[in-house]
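Engineer: This structure is in structure tokens; I'll ask about it shortly.
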Amino acid sequence: ASSKGGRERQFNEHGHDYNQVGGPVNPDVCSLPESEIHDLIRTRMECKFERDFVQADDIEATLSGAGVEVHDGFKEWRADGDAWSRSNRNDNFRSRQATRGPKEYTQRGVGLGLSEEQIETVTDLVRERSEAKADYDYPRADSIFDRLRSEFNVNVDDRAGEWAVLSEEYIMSESTAFVPEKSVQAEIGKKLGERVLARKRRDFDLADAIREELLTDYVVEVDDQTKEWTIVSPPDGASWSDDDDDEDVNVVSKEEWEEDDDDDEDNLDGDFDAVFEDDDGIETLPEEDGGADSPPNDQNLDEAQLTSMTVPQLKEKLREAGKPVSGRKSELIERLLS
């Protein structure tokens, strides 16, 4: 047995949970022995568990080319040369589902950016979509889903029974090491929304890249099971980088924490010793006379000025100069000075 998505899956003696239907394996249409069919189905299932969908698709193509048809929705396979009787299968399925009715959905998050009237409209549309799915009117359900996405920037999670604005599908965990400013939370939410869309398009390379960017630039870890994000605990002495002029990032990034001890002492100790609690209980840095420093605009920056900037600011300077943006902070500074 195995548990995926909170559900227990019971495997048969062949190590998978697909049942053979129809007649026996027909050697006139199937070139594989039954034992090899079971091995391929089991290996394909394991590939899907590991998110190796390319290999899973290759195995499916091998099975299909050998005369074996696999139906993931029914958890069935057949190699008798006949096709599934979809009308009969669907009629049986519908009779089992008839008493269930439309699925109930709840709102996740506060509906950031939506008015009360828009939230009410979205709630009605989600309910209408659920009714369409219960009536097997999938074209109508898909049309409503597209409207929710394009008009309200809302995503529907059918498995969890929830709907949310894309930037709120993942919420901040109560166990987060720090509570960032609203502007930073908005940027993190925006990135997480982009990752949700990438995953729905099955673009897992992009989704993984966004996840790595969140960890690198914002020190954020993502829990896909609970759909929560948290800022991980920094090493001793690290804290917020209080920069009111930079709305994109106001945390010390992971690269900065990994700098040499000498760099840490030069760039962090003086400021972090002055950390104090504000009225909201959030750790911040006191502003110097004249307000928080904004990143220098001079194109001829010296090493001291570059060292005082955050990693995202350095990367922005590199993008403006048309240079690579990967690497540790010391490497970014060296690249800008060259």
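Each chain in the structure tokens gets a letter, A, B, ..., in the order shown, and its residues are numbered from 1; ligands are numbered from 1 in order too.
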Considering only C-alpha atoms, return as a list of chain:residue names whatever protein or nucleic-acid residues lie within 10 Å of Glu228 of chain A, sequence-local ones (same chain, fewer than 5 positions apart) excluded.
Structural biologist: A:Glu168, A:Glu169, A:Tyr170, A:Ile171, A:Met172, A:Ser173, A:Glu174, A:Ser175, A:Thr176, A:Glu221, A:Val222, A:Asp223
Engineer: Can you list, as a PDB file with N, CA, C and O atoms, in the first residue's frame, every protein, DNA or RNA residue that comes within 9 Å of Leu166 of chain A when you count only C-alpha atoms, leaving out same-chain residues fewer than 5 positions away?
Structural biologist:
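Produced file result.pdb, reproduced below:
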ATOM      1  N   ARG A 149     -10.086  32.697 -14.160  1.00  0.00           N
ATOM      2  CA  ARG A 149      -8.652  32.939 -14.265  1.00  0.00           C
ATOM      3  C   ARG A 149      -8.369  34.289 -14.931  1.00  0.00           C
ATOM      4  O   ARG A 149      -7.542  35.063 -14.439  1.00  0.00           O
ATOM      5  N   ASN A 153      -8.330  36.539 -11.799  1.00  0.00           N
ATOM      6  CA  ASN A 153      -7.035  35.997 -11.379  1.00  0.00           C
ATOM      7  C   ASN A 153      -7.218  34.964 -10.259  1.00  0.00           C
ATOM      8  O   ASN A 153      -6.453  34.927  -9.293  1.00  0.00           O
ATOM      9  N   VAL A 154      -8.233  34.137 -10.418  1.00  0.00           N
ATOM     10  CA  VAL A 154      -8.607  33.150  -9.391  1.00  0.00           C
ATOM     11  C   VAL A 154      -8.332  31.744  -9.909  1.00  0.00           C
ATOM     12  O   VAL A 154      -8.575  31.437 -11.081  1.00  0.00           O
ATOM     13  N   ASN A 155      -7.827  30.901  -9.038  1.00  0.00           N
ATOM     14  CA  ASN A 155      -7.611  29.500  -9.354  1.00  0.00           C
ATOM     15  C   ASN A 155      -8.515  28.636  -8.473  1.00  0.00           C
ATOM     16  O   ASN A 155      -8.808  28.996  -7.334  1.00  0.00           O
ATOM     17  N   GLY A 189       3.847  36.348  -2.912  1.00  0.00           N
ATOM     18  CA  GLY A 189       2.590  35.785  -3.409  1.00  0.00           C
ATOM     19  C   GLY A 189       2.515  35.770  -4.916  1.00  0.00           C
ATOM     20  O   GLY A 189       2.013  34.822  -5.535  1.00  0.00           O
ATOM     21  N   LYS A 190       3.047  36.828  -5.545  1.00  0.00           N
ATOM     22  CA  LYS A 190       3.048  36.901  -7.014  1.00  0.00           C
ATOM     23  C   LYS A 190       3.895  35.776  -7.600  1.00  0.00           C
ATOM     24  O   LYS A 190       3.488  35.113  -8.560  1.00  0.00           O
ATOM     25  N   LEU A 192       4.625  32.927  -6.158  1.00  0.00           N
ATOM     26  CA  LEU A 192       3.950  31.657  -5.905  1.00  0.00           C
ATOM     27  C   LEU A 192       2.801  31.444  -6.876  1.00  0.00           C
ATOM     28  O   LEU A 192       2.536  30.315  -7.300  1.00  0.00           O
ATOM     29  N   GLY A 193       2.096  32.530  -7.237  1.00  0.00           N
ATOM     30  CA  GLY A 193       1.032  32.419  -8.236  1.00  0.00           C
ATOM     31  C   GLY A 193       1.578  31.995  -9.589  1.00  0.00           C
ATOM     32  O   GLY A 193       0.979  31.167 -10.288  1.00  0.00           O
ATOM     33  N   GLU A 194       2.735  32.552  -9.974  1.00  0.00           N
ATOM     34  CA  GLU A 194       3.368  32.147 -11.230  1.00  0.00           C
ATOM     35  C   GLU A 194       3.750  30.671 -11.187  1.00  0.00           C
ATOM     36  O   GLU A 194       3.650  29.958 -12.195  1.00  0.00           O
ATOM     37  N   VAL A 196       2.180  28.344  -9.402  1.00  0.00           N
ATOM     38  CA  VAL A 196       0.939  27.561  -9.517  1.00  0.00           C
ATOM     39  C   VAL A 196       0.580  27.363 -10.991  1.00  0.00           C
ATOM     40  O   VAL A 196       0.254  26.253 -11.423  1.00  0.00           O
ATOM     41  N   LEU A 197       0.644  28.436 -11.776  1.00  0.00           N
ATOM     42  CA  LEU A 197       0.309  28.336 -13.195  1.00  0.00           C
ATOM     43  C   LEU A 197       1.286  27.428 -13.932  1.00  0.00           C
ATOM     44  O   LEU A 197       0.879  26.657 -14.810  1.00  0.00           O
TER      45      LEU A 197
END
Engineer: Ranking A:Val184, A:Val126, A:Ile231, A:Ile119 by minimum distance to Gly161 of chain A and counting only C-alpha atoms, which one comes first?
Structural biologist: A:Val126
Engineer: Show which residues sit within 12 Å of Ser338 of chain A, as number ranges by chain. Count only C-alpha atoms, and ignore same-chain residues fewer than 2 positions away.
Structural biologist: A: 300-303, 318, 321, 323, 331-336
Engineer: Provide the atom CA of Glu50 of chain A to atom CA of Ile188 of chain A distance in Å, to one decimal place.
Structural biologist: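 Interatomic distance, atom CA of Glu50 of chain A to atom CA of Ile188 of chain A: 26.7 Å.
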Engineer: Would you return as an MDAnalysis selection string the members of segment 97-202 of chain A that DSSP assigns to alpha helix (DSSP H) on this structure's backbone?
Structural biologist: chainID A and resid 97 116:134 138:152 182:200
Engineer: Counting only C-alpha atoms, which residue out of A:Ala160, A:Val70, A:Ile144, A:Leu206 sits closest to Lys103 of chain A?
Structural biologist: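 Of A:Ala160, A:Val70, A:Ile144, A:Leu206, the one nearest Lys103 of chain A is A:Ala160, counting only C-alpha atoms.
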Engineer: State, in Å with one decimal place, the distance from atom CA of Pro102 of chain A to atom CA of Ser143 of chain A.
Structural biologist: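 Atom CA of Pro102 of chain A sits 17.1 Å away from atom CA of Ser143 of chain A.
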Engineer: Just the strand (DSSP E) stuff from segment 23-221 of chain A, please, per backbone DSSP, written as an NGL selection string.
Structural biologist: :A and (69-71 or 76-78 or 106-107 or 154-157 or 162-165 or 171-172 or 220-221)
Engineer: For the residues in that selection, give me C-alpha atoms as a PDB file, in the first residue's frame.
Structural biologist:
ATOM      1  CA  GLU A  69      -4.205   0.316 -23.742  1.00  0.00           C
ATOM      2  CA  VAL A  70      -4.018   1.903 -20.283  1.00  0.00           C
ATOM      3  CA  HIS A  71      -6.804   4.064 -18.829  1.00  0.00           C
ATOM      4  CA  GLU A  76      -7.616  -0.319 -16.006  1.00  0.00           C
ATOM      5  CA  TRP A  77      -5.659  -1.885 -18.852  1.00  0.00           C
ATOM      6  CA  ARG A  78      -6.572  -4.192 -21.673  1.00  0.00           C
ATOM      7  CA  THR A 106     -14.491  27.332   0.327  1.00  0.00           C
ATOM      8  CA  GLN A 107     -12.476  30.514  -0.116  1.00  0.00           C
ATOM      9  CA  VAL A 154      -8.607  33.150  -9.391  1.00  0.00           C
ATOM     10  CA  ASN A 155      -7.611  29.500  -9.354  1.00  0.00           C
ATOM     11  CA  VAL A 156      -9.798  26.564  -8.263  1.00  0.00           C
ATOM     12  CA  ASP A 157      -8.243  23.597  -6.465  1.00  0.00           C
ATOM     13  CA  GLU A 162     -10.945  25.603  -2.420  1.00  0.00           C
ATOM     14  CA  TRP A 163     -10.698  28.698  -4.575  1.00  0.00           C
ATOM     15  CA  ALA A 164      -8.224  31.514  -4.132  1.00  0.00           C
ATOM     16  CA  VAL A 165      -6.653  34.517  -5.788  1.00  0.00           C
ATOM     17  CA  ILE A 171      -0.383  31.479   2.566  1.00  0.00           C
ATOM     18  CA  MET A 172       2.269  32.474   5.075  1.00  0.00           C
ATOM     19  CA  VAL A 220      11.349  31.351   1.489  1.00  0.00           C
ATOM     20  CA  GLU A 221      10.632  27.641   1.696  1.00  0.00           C
TER      21      GLU A 221
END
Engineer: Could you check the closest approach to His38 of chain A for each of A:His16, A:Arg140, A:Arg51, A:Arg319 and tell me which residue wins, using only C-alpha atoms?
Structural biologist: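 The closest residue to His38 of chain A is A:His16.
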Engineer: Between atom CA of Glu316 of chain A and atom CA of Glu213 of chain A, what is the spacing in Å?
Structural biologist: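 So the answer is 14.1 Å.
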Engineer: Can you work out which one of A:Thr310, A:Gln55, A:Ser330, A:Ser64 has the shortest atom-to-atom distance to Thr43 of chain A, counting only C-alpha atoms?
Structural biologist: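 That would be A:Gln55, the residue with the smallest distance to Thr43 of chain A.
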